[in-house]
file entry.txt (compact mmCIF, C-alpha atoms)
# COMPACT_ATOMS: atom_id res chain seq x y z
CA MET A 1 6.45 11.88 -7.45
CA ASP A 2 7.49 13.70 -4.26
CA ALA A 3 4.28 12.65 -2.50
CA LEU A 4 4.89 8.97 -3.20
CA LYS A 5 8.50 9.29 -2.06
CA GLN A 6 7.45 10.91 1.21
CA ILE A 7 4.80 8.29 2.00
CA LEU A 8 7.11 5.39 1.22
CA HIS A 9 9.75 6.96 3.44
CA ALA A 10 7.32 7.38 6.34
CA ILE A 11 5.61 3.98 6.35
CA ARG A 12 7.21 0.87 7.78
CA LEU A 13 6.14 -2.56 6.72
CA GLN A 14 5.94 -5.23 9.37
CA PRO A 15 7.26 -8.72 8.60
CA GLN A 16 4.31 -11.06 8.08
CA MET A 17 3.94 -14.78 7.67
CA PHE A 18 4.98 -16.21 4.34
CA GLU A 19 3.24 -19.32 3.07
CA ARG A 20 3.97 -21.63 0.20
CA HIS A 21 0.95 -23.59 -1.02
CA ALA A 22 1.31 -26.75 -3.10
CA LEU A 23 -2.21 -27.25 -4.47
CA THR A 24 -3.75 -30.06 -6.47
CA ALA A 25 -7.08 -29.46 -8.21
CA PRO A 26 -9.71 -28.95 -7.13
CA TRP A 27 -8.67 -26.24 -4.67
CA GLN A 28 -9.75 -22.80 -3.50
CA ILE A 29 -8.23 -20.14 -1.23
CA GLU A 30 -10.36 -17.35 0.26
CA GLY A 31 -8.87 -14.12 1.53
CA SER A 32 -9.54 -10.58 2.73
CA ALA A 33 -7.46 -7.41 2.42
CA SER A 34 -9.37 -4.56 4.04
CA HIS A 35 -6.54 -2.86 5.97
CA SER A 36 -3.50 -4.33 4.28
CA ALA A 37 -2.29 -5.59 0.91
CA ALA A 38 -2.22 -9.34 0.34
CA TRP A 39 0.11 -10.64 -2.34
CA HIS A 40 0.30 -13.94 -4.16
CA LEU A 41 2.97 -15.12 -6.57
CA VAL A 42 2.04 -17.92 -8.97
CA GLU A 43 5.25 -19.92 -8.66
CA SER A 44 4.07 -22.66 -11.01
CA GLY A 45 0.88 -23.68 -12.74
CA SER A 46 -2.04 -21.32 -13.16
CA CYS A 47 -5.09 -20.14 -11.25
CA SER A 48 -8.10 -17.86 -11.38
CA LEU A 49 -8.82 -14.79 -9.26
CA LEU A 50 -12.38 -13.77 -8.43
CA MET A 51 -12.91 -10.45 -6.64
CA GLY A 52 -15.99 -8.91 -5.10
CA ALA A 53 -18.97 -8.76 -7.41
CA GLU A 54 -17.00 -9.73 -10.51
CA ASN A 55 -18.59 -12.60 -12.40
CA GLU A 56 -15.68 -13.34 -14.69
CA PRO A 57 -12.52 -14.74 -13.04
CA ARG A 58 -9.12 -13.38 -14.05
CA LEU A 59 -6.70 -16.00 -15.34
CA MET A 60 -3.23 -15.90 -13.76
CA ALA A 61 -0.19 -17.75 -15.09
CA THR A 62 3.22 -18.82 -13.79
CA GLY A 63 5.28 -15.82 -12.70
CA ASP A 64 2.32 -13.47 -12.20
CA LEU A 65 2.19 -11.41 -9.00
CA LEU A 66 -1.15 -10.31 -7.56
CA VAL A 67 -1.47 -7.57 -4.95
CA VAL A 68 -5.01 -7.30 -3.54
CA THR A 69 -6.23 -4.35 -1.44
CA ASN A 70 -9.53 -2.79 -0.33
CA THR A 71 -11.34 -6.08 -0.70
CA ARG A 72 -13.41 -7.75 1.97
CA HIS A 73 -13.44 -11.05 0.14
CA TYR A 74 -11.63 -12.59 -2.81
CA GLU A 75 -11.04 -16.12 -4.05
CA ILE A 76 -8.15 -17.79 -5.83
CA ARG A 77 -9.01 -21.16 -7.29
CA HIS A 78 -7.78 -23.79 -9.70
CA ASN A 79 -8.47 -23.56 -13.40
CA PRO A 80 -10.71 -26.40 -14.60
CA THR A 81 -8.57 -26.78 -17.71
CA ARG A 82 -5.33 -25.43 -19.08
CA SER A 83 -4.44 -24.96 -22.73
CA THR A 84 -1.51 -26.74 -24.34
CA GLU A 85 -0.40 -27.34 -27.91
CA ASN A 86 -2.61 -30.43 -27.91
CA GLY A 87 -5.67 -28.55 -26.66
CA PRO A 88 -7.32 -28.28 -23.22
CA GLN A 89 -5.83 -30.53 -20.56
CA PRO A 90 -6.86 -31.23 -16.94
CA ALA A 91 -5.48 -28.73 -14.41
CA GLY A 92 -2.55 -30.05 -12.40
CA LEU A 93 -0.37 -28.90 -9.51
CA THR A 94 -0.21 -25.18 -8.72
CA THR A 95 2.19 -23.61 -6.23
CA LEU A 96 1.60 -20.17 -4.71
CA ILE A 97 3.80 -18.05 -2.47
CA SER A 98 1.67 -15.72 -0.37
CA GLY A 99 2.34 -12.89 2.02
CA GLU A 100 1.08 -9.55 3.22
CA PHE A 101 2.09 -5.92 3.30
CA ARG A 102 0.99 -4.38 6.60
CA THR A 103 2.19 -1.18 8.22
CA GLU A 104 3.05 -0.52 11.84
CA HIS A 105 0.42 2.20 12.00
CA ASN A 106 -2.20 0.86 9.59
CA ILE A 107 -5.01 2.83 11.24
CA VAL A 108 -3.34 6.09 10.25
CA THR A 109 -1.58 5.39 6.96
CA PRO A 110 -3.98 6.14 4.09
CA LEU A 111 -1.87 4.36 1.49
CA PHE A 112 -3.61 0.97 1.37
CA SER A 113 -7.08 2.51 1.44
CA LEU A 114 -6.18 4.67 -1.55
CA LEU A 115 -4.72 1.93 -3.76
CA PRO A 116 -6.65 0.13 -6.51
CA PRO A 117 -8.27 -3.20 -5.50
CA LEU A 118 -5.89 -5.20 -7.71
CA ILE A 119 -2.34 -4.58 -8.87
CA HIS A 120 -1.28 -7.25 -11.35
CA ILE A 121 2.42 -7.53 -12.17
CA PRO A 122 2.57 -9.78 -15.25
CA ASN A 123 5.26 -12.41 -15.69
CA GLN A 124 8.14 -12.00 -18.11
CA GLY A 125 8.42 -15.01 -20.37
CA GLY A 126 6.77 -17.29 -17.82
CA LYS A 127 9.01 -16.09 -14.96
CA PRO A 128 8.58 -13.44 -12.25
CA VAL A 129 9.87 -9.96 -13.07
CA TYR A 130 13.57 -9.61 -12.32
CA TRP A 131 13.24 -7.60 -9.10
CA LEU A 132 10.78 -10.09 -7.61
CA ALA A 133 12.96 -13.06 -8.56
CA THR A 134 15.89 -11.29 -6.87
CA ALA A 135 14.19 -10.08 -3.68
CA LEU A 136 11.92 -12.97 -2.76
CA PRO A 137 14.55 -15.67 -2.02
CA GLY A 138 16.34 -13.28 0.32
CA ILE A 139 13.13 -12.40 2.15
CA GLN A 140 12.19 -16.05 2.58
CA SER A 141 15.66 -17.01 3.79
CA GLU A 142 15.81 -14.24 6.39
CA PHE A 143 12.22 -14.77 7.52
CA TYR A 144 12.82 -18.40 8.47
CA SER A 145 16.43 -18.06 9.62
CA GLY A 146 15.78 -16.84 13.17
CA ARG A 147 19.15 -15.05 13.09
CA PRO A 148 19.74 -11.88 15.12
CA GLY A 149 18.42 -8.88 13.22
CA SER A 150 16.45 -11.00 10.74
CA GLU A 151 13.21 -9.13 11.47
CA ALA A 152 14.85 -5.79 10.63
CA VAL A 153 16.34 -7.24 7.44
CA VAL A 154 12.97 -8.64 6.34
CA SER A 155 11.29 -5.31 7.08
CA ARG A 156 13.77 -3.42 4.90
CA LEU A 157 13.53 -5.96 2.07
CA MET A 158 9.72 -5.77 2.24
CA ASP A 159 9.97 -1.99 1.96
CA ILE A 160 11.99 -2.42 -1.23
CA LEU A 161 9.58 -5.02 -2.59
CA PHE A 162 6.61 -2.75 -1.92
CA ILE A 163 8.33 0.22 -3.57
CA MET A 164 9.00 -1.91 -6.66
CA VAL A 165 5.33 -2.92 -6.77
CA MET A 166 4.32 0.75 -6.65
CA ARG A 167 6.82 1.68 -9.36
CA SER A 168 5.61 -1.11 -11.57
CA TRP A 169 1.99 -0.07 -11.11
CA ILE A 170 2.84 3.53 -11.94
CA ASP A 171 4.62 2.39 -15.10
CA GLN A 172 1.42 0.63 -16.15
CA HIS A 173 -0.90 3.52 -15.29
CA THR A 174 -0.11 7.05 -16.29
CA GLU A 175 -2.48 10.01 -16.27
CA GLY A 176 -6.07 9.03 -15.61
CA GLY A 177 -5.16 5.69 -14.07
CA GLY A 178 -7.43 6.28 -11.10
CA GLY A 179 -6.96 6.06 -7.37
CA TRP A 180 -4.36 7.83 -5.26
CA LEU A 181 -1.47 6.86 -7.51
CA GLY A 182 -3.40 8.08 -10.52
CA ALA A 183 -4.05 11.35 -8.70
CA LEU A 184 -0.30 12.02 -8.67
CA TYR A 185 -0.54 12.46 -12.43
CA ASP A 186 -3.42 14.90 -12.25
CA PRO A 187 -1.93 18.32 -13.16
CA TYR A 188 -3.83 20.01 -10.32
CA ILE A 189 -4.31 17.41 -7.59
CA GLY A 190 -0.80 16.03 -8.03
CA LYS A 191 0.55 19.52 -7.38
CA ALA A 192 -1.47 19.77 -4.16
CA LEU A 193 -0.40 16.32 -2.95
CA ASN A 194 3.25 17.11 -3.53
CA ALA A 195 2.89 20.42 -1.68
CA ILE A 196 1.23 18.76 1.33
CA HIS A 197 3.88 16.07 1.56
CA ALA A 198 6.82 18.38 1.01
CA HIS A 199 5.68 20.97 3.55
CA PRO A 200 3.40 19.39 6.18
CA ASP A 201 4.22 22.21 8.61
CA HIS A 202 2.85 24.91 6.28
CA PRO A 203 -0.36 26.58 7.58
CA TRP A 204 -2.47 24.98 4.86
CA THR A 205 -6.11 25.92 4.45
CA LEU A 206 -8.51 24.79 1.76
CA GLU A 207 -8.24 28.21 0.13
CA ILE A 208 -4.41 28.22 0.13
CA LEU A 209 -4.25 24.72 -1.34
CA ALA A 210 -6.77 25.62 -4.03
CA ARG A 211 -4.82 28.78 -4.87
CA SER A 212 -1.60 26.77 -5.23
CA THR A 213 -3.24 24.73 -8.00
CA GLY A 214 -4.91 27.65 -9.76
CA LEU A 215 -8.41 26.28 -9.12
CA SER A 216 -11.35 27.77 -7.29
CA ARG A 217 -11.85 26.47 -3.76
CA SER A 218 -15.09 24.62 -4.51
CA PHE A 219 -13.83 23.04 -7.75
CA PHE A 220 -10.52 22.04 -6.15
CA SER A 221 -12.27 20.44 -3.16
CA GLU A 222 -14.65 18.51 -5.40
CA ARG A 223 -11.89 17.35 -7.75
CA PHE A 224 -9.56 16.36 -4.90
CA THR A 225 -12.25 14.35 -3.11
CA LEU A 226 -13.34 12.62 -6.31
CA THR A 227 -9.77 11.75 -7.34
CA VAL A 228 -8.19 10.86 -4.00
CA GLY A 229 -11.22 9.49 -2.15
CA GLU A 230 -11.31 11.92 0.78
CA SER A 231 -11.38 15.67 1.35
CA PRO A 232 -8.17 17.74 1.17
CA MET A 233 -8.21 18.70 4.86
CA LYS A 234 -8.88 15.16 6.05
CA TYR A 235 -6.01 13.93 3.90
CA LEU A 236 -3.76 16.64 5.32
CA THR A 237 -4.65 15.61 8.88
CA ARG A 238 -3.96 11.96 8.12
CA TRP A 239 -0.53 12.76 6.72
CA ARG A 240 0.41 14.98 9.63
CA VAL A 241 -0.59 12.32 12.16
CA GLN A 242 1.30 9.67 10.20
CA LEU A 243 4.47 11.74 10.38
CA ALA A 244 3.86 12.38 14.06
CA THR A 245 3.69 8.64 14.83
CA THR A 246 7.13 8.25 13.28
CA TRP A 247 8.70 11.13 15.20
CA LEU A 248 7.10 10.09 18.49
CA SER A 249 8.50 6.59 18.03
CA ASP A 250 11.96 7.46 16.75
CA ASP A 251 13.00 10.69 18.45
CA VAL A 252 12.49 10.57 22.21
CA ASN A 253 14.23 13.94 22.54
CA LEU A 254 11.37 15.72 20.79
CA THR A 255 8.60 16.93 23.07
CA VAL A 256 4.97 16.52 22.05
CA GLU A 257 4.79 20.26 21.52
CA GLU A 258 7.81 20.16 19.20
CA VAL A 259 6.29 17.30 17.21
CA ALA A 260 3.06 19.31 16.95
CA HIS A 261 4.95 22.26 15.44
CA LYS A 262 6.86 20.00 13.03
CA VAL A 263 3.56 18.78 11.55
CA GLY A 264 1.93 22.19 11.30
CA TYR A 265 0.02 22.65 14.56
CA THR A 266 0.49 25.88 16.51
CA SER A 267 -1.36 24.38 19.47
CA SER A 268 -0.33 21.13 21.16
CA PHE A 269 -3.95 20.81 22.33
CA ALA A 270 -5.27 20.87 18.75
CA PHE A 271 -2.56 18.41 17.72
CA SER A 272 -3.37 16.01 20.58
CA LYS A 273 -7.06 16.16 19.73
CA ALA A 274 -6.43 15.32 16.06
CA PHE A 275 -3.91 12.63 16.98
CA LYS A 276 -6.29 10.90 19.39
CA ARG A 277 -9.12 11.06 16.86
CA MET A 278 -6.96 9.25 14.28
CA THR A 279 -5.10 6.74 16.48
CA GLY A 280 -7.34 6.27 19.51
CA SER A 281 -4.70 7.42 21.98
CA ALA A 282 -3.06 10.67 23.07
CA PRO A 283 0.49 11.38 21.82
CA THR A 284 2.06 10.82 25.25
CA ALA A 285 0.24 7.52 25.71
CA TYR A 286 1.19 6.48 22.19
CA ARG A 287 4.86 7.20 22.89
CA ARG A 288 4.79 5.14 26.11
CA ARG A 289 3.21 2.24 24.26
CA GLU A 290 5.95 2.31 21.62

call {"tool": "encode", "arguments": {"input": "entry.txt", "output": "structure tokens"}}
result
Amino acid sequence: MDALKQILHAIRLQPQMFERHALTAPWQIEGSASHSAAWHLVESGSCSLLMGAENEPRLMATGDLLVVTNTRHYEIRHNPTRSTENGPQPAGLTTLISGEFRTEHNIVTPLFSLLPPLIHIPNQGGKPVYWLATALPGIQSEFYSGRPGSEAVVSRLMDILFIMVMRSWIDQHTEGGGGWLGALYDPYIGKALNAIHAHPDHPWTLEILARSTGLSRSFFSERFTLTVGESPMKYLTRWRVQLATTWLSDDVNLTVEEVAHKVGYTSSFAFSKAFKRMTGSAPTAYRRRE
């Protein structure tokens, strides 16, 4: 899982607004998560999730966590009835805690675009999983406290929460699970992803990457694109630019040329061209903006 470790180390999650909804039926919440990951915890009651072209809603119960990505439109609504020992009963009060995972450089980071549309973390005995029950109160308290450094604390806690979501999803989906996380389990593509992330400065070419996996160039390219969702060289460029945004922001002592070499470019011109294509600004302009 070296590739996952490297991406989680490089991204930074920005603190976003938390909302607690106390909802009495009938109710409906509409959302979108095209360039981020929206999350909703069913604190009490139950609800239904309807995504995209799906006709059948997914039933969610108390303690369930939903993480929605790559979706232009989704709906969470009340359940018309709920089952009890005495049979179906009218739906009552439902409370949701909602938030969002968004990165500082969401144009560059491919993570959200490569995740499955829905990650569902089931409840444990009608309660949130232990790590969510532990982390969430601290995040809420710091978010609303207004104390010095609270934004940094929330950002770090959100990083941890996001990592736990990823770990939980991986535990649910092993080889063949689909998407970028599923690709990590592919015996060939996972090897290439780990190599790219471990050595971004290596002079990778399509042929060298294919050779490292033992596949022919054409078969490797086709399999990588099908599994990950974009071509190997485009993915490599995205990762290099993502790393560059971090170094340009954090290490003012590094020159643009030095950053270019650290991410595998022998020419600062070629690096600047790729960087501007991905972010919309040149490296020097990006650094001034930060």

call {"tool": "closest_residue", "arguments": {"input": "entry.txt", "among": "A:Ser150, A:Thr227, A:Ser212, A:Ser168", "to": "A:Leu132", "atoms": "all atoms listed in the file"}}
result
A:Ser168

call {"tool": "atom_distance", "arguments": {"input": "entry.txt", "atom1": "atom CA of A:Met166", "atom2": "atom CA of A:Leu184"}}
result
12.3 Å

call {"tool": "closest_residue", "arguments": {"input": "entry.txt", "among": "A:Val42, A:Met51, A:Val165, A:Leu93", "to": "A:Pro128", "atoms": "only C-alpha atoms"}}
result
A:Val42

call {"tool": "closest_residue", "arguments": {"input": "entry.txt", "among": "A:His21, A:Arg77, A:Arg102, A:Arg277", "to": "A:Ser155", "atoms": "only C-alpha atoms"}}
result
A:Arg102

call {"tool": "residues_around", "arguments": {"input": "entry.txt", "residues": "A:Arg287", "least_positions_apart": "6", "cutoff": "10 Å", "atoms": "only C-alpha atoms", "output": "PDB file with C-alpha atoms, in the frame of the given file"}}
result
ATOM      1  CA  THR A 245       3.690   8.640  14.830  1.00  0.00           C
ATOM      2  CA  THR A 246       7.130   8.250  13.280  1.00  0.00           C
ATOM      3  CA  TRP A 247       8.700  11.130  15.200  1.00  0.00           C
ATOM      4  CA  LEU A 248       7.100  10.090  18.490  1.00  0.00           C
ATOM      5  CA  SER A 249       8.500   6.590  18.030  1.00  0.00           C
ATOM      6  CA  ASP A 250      11.960   7.460  16.750  1.00  0.00           C
ATOM      7  CA  ASP A 251      13.000  10.690  18.450  1.00  0.00           C
ATOM      8  CA  VAL A 252      12.490  10.570  22.210  1.00  0.00           C
ATOM      9  CA  VAL A 256       4.970  16.520  22.050  1.00  0.00           C
ATOM     10  CA  SER A 281      -4.700   7.420  21.980  1.00  0.00           C
TER      11      SER A 281
END

call {"tool": "atom_distance", "arguments": {"input": "entry.txt", "atom1": "atom CA of A:Trp27", "atom2": "atom CA of A:Pro116"}}
result
26.5 Å

call {"tool": "atom_distance", "arguments": {"input": "entry.txt", "atom1": "atom CA of A:Thr213", "atom2": "atom CA of A:Gly190"}}
result
9.0 Å

call {"tool": "closest_residue", "arguments": {"input": "entry.txt", "among": "A:Met233, A:Ser46, A:Gly280, A:Ala38", "to": "A:Phe101", "atoms": "only C-alpha atoms"}}
result
A:Ala38

call {"tool": "closest_residue", "arguments": {"input": "entry.txt", "among": "A:Asn123, A:Ser267, A:Thr279, A:Thr255", "to": "A:Arg238", "atoms": "all atoms listed in the file"}}
result
A:Thr279
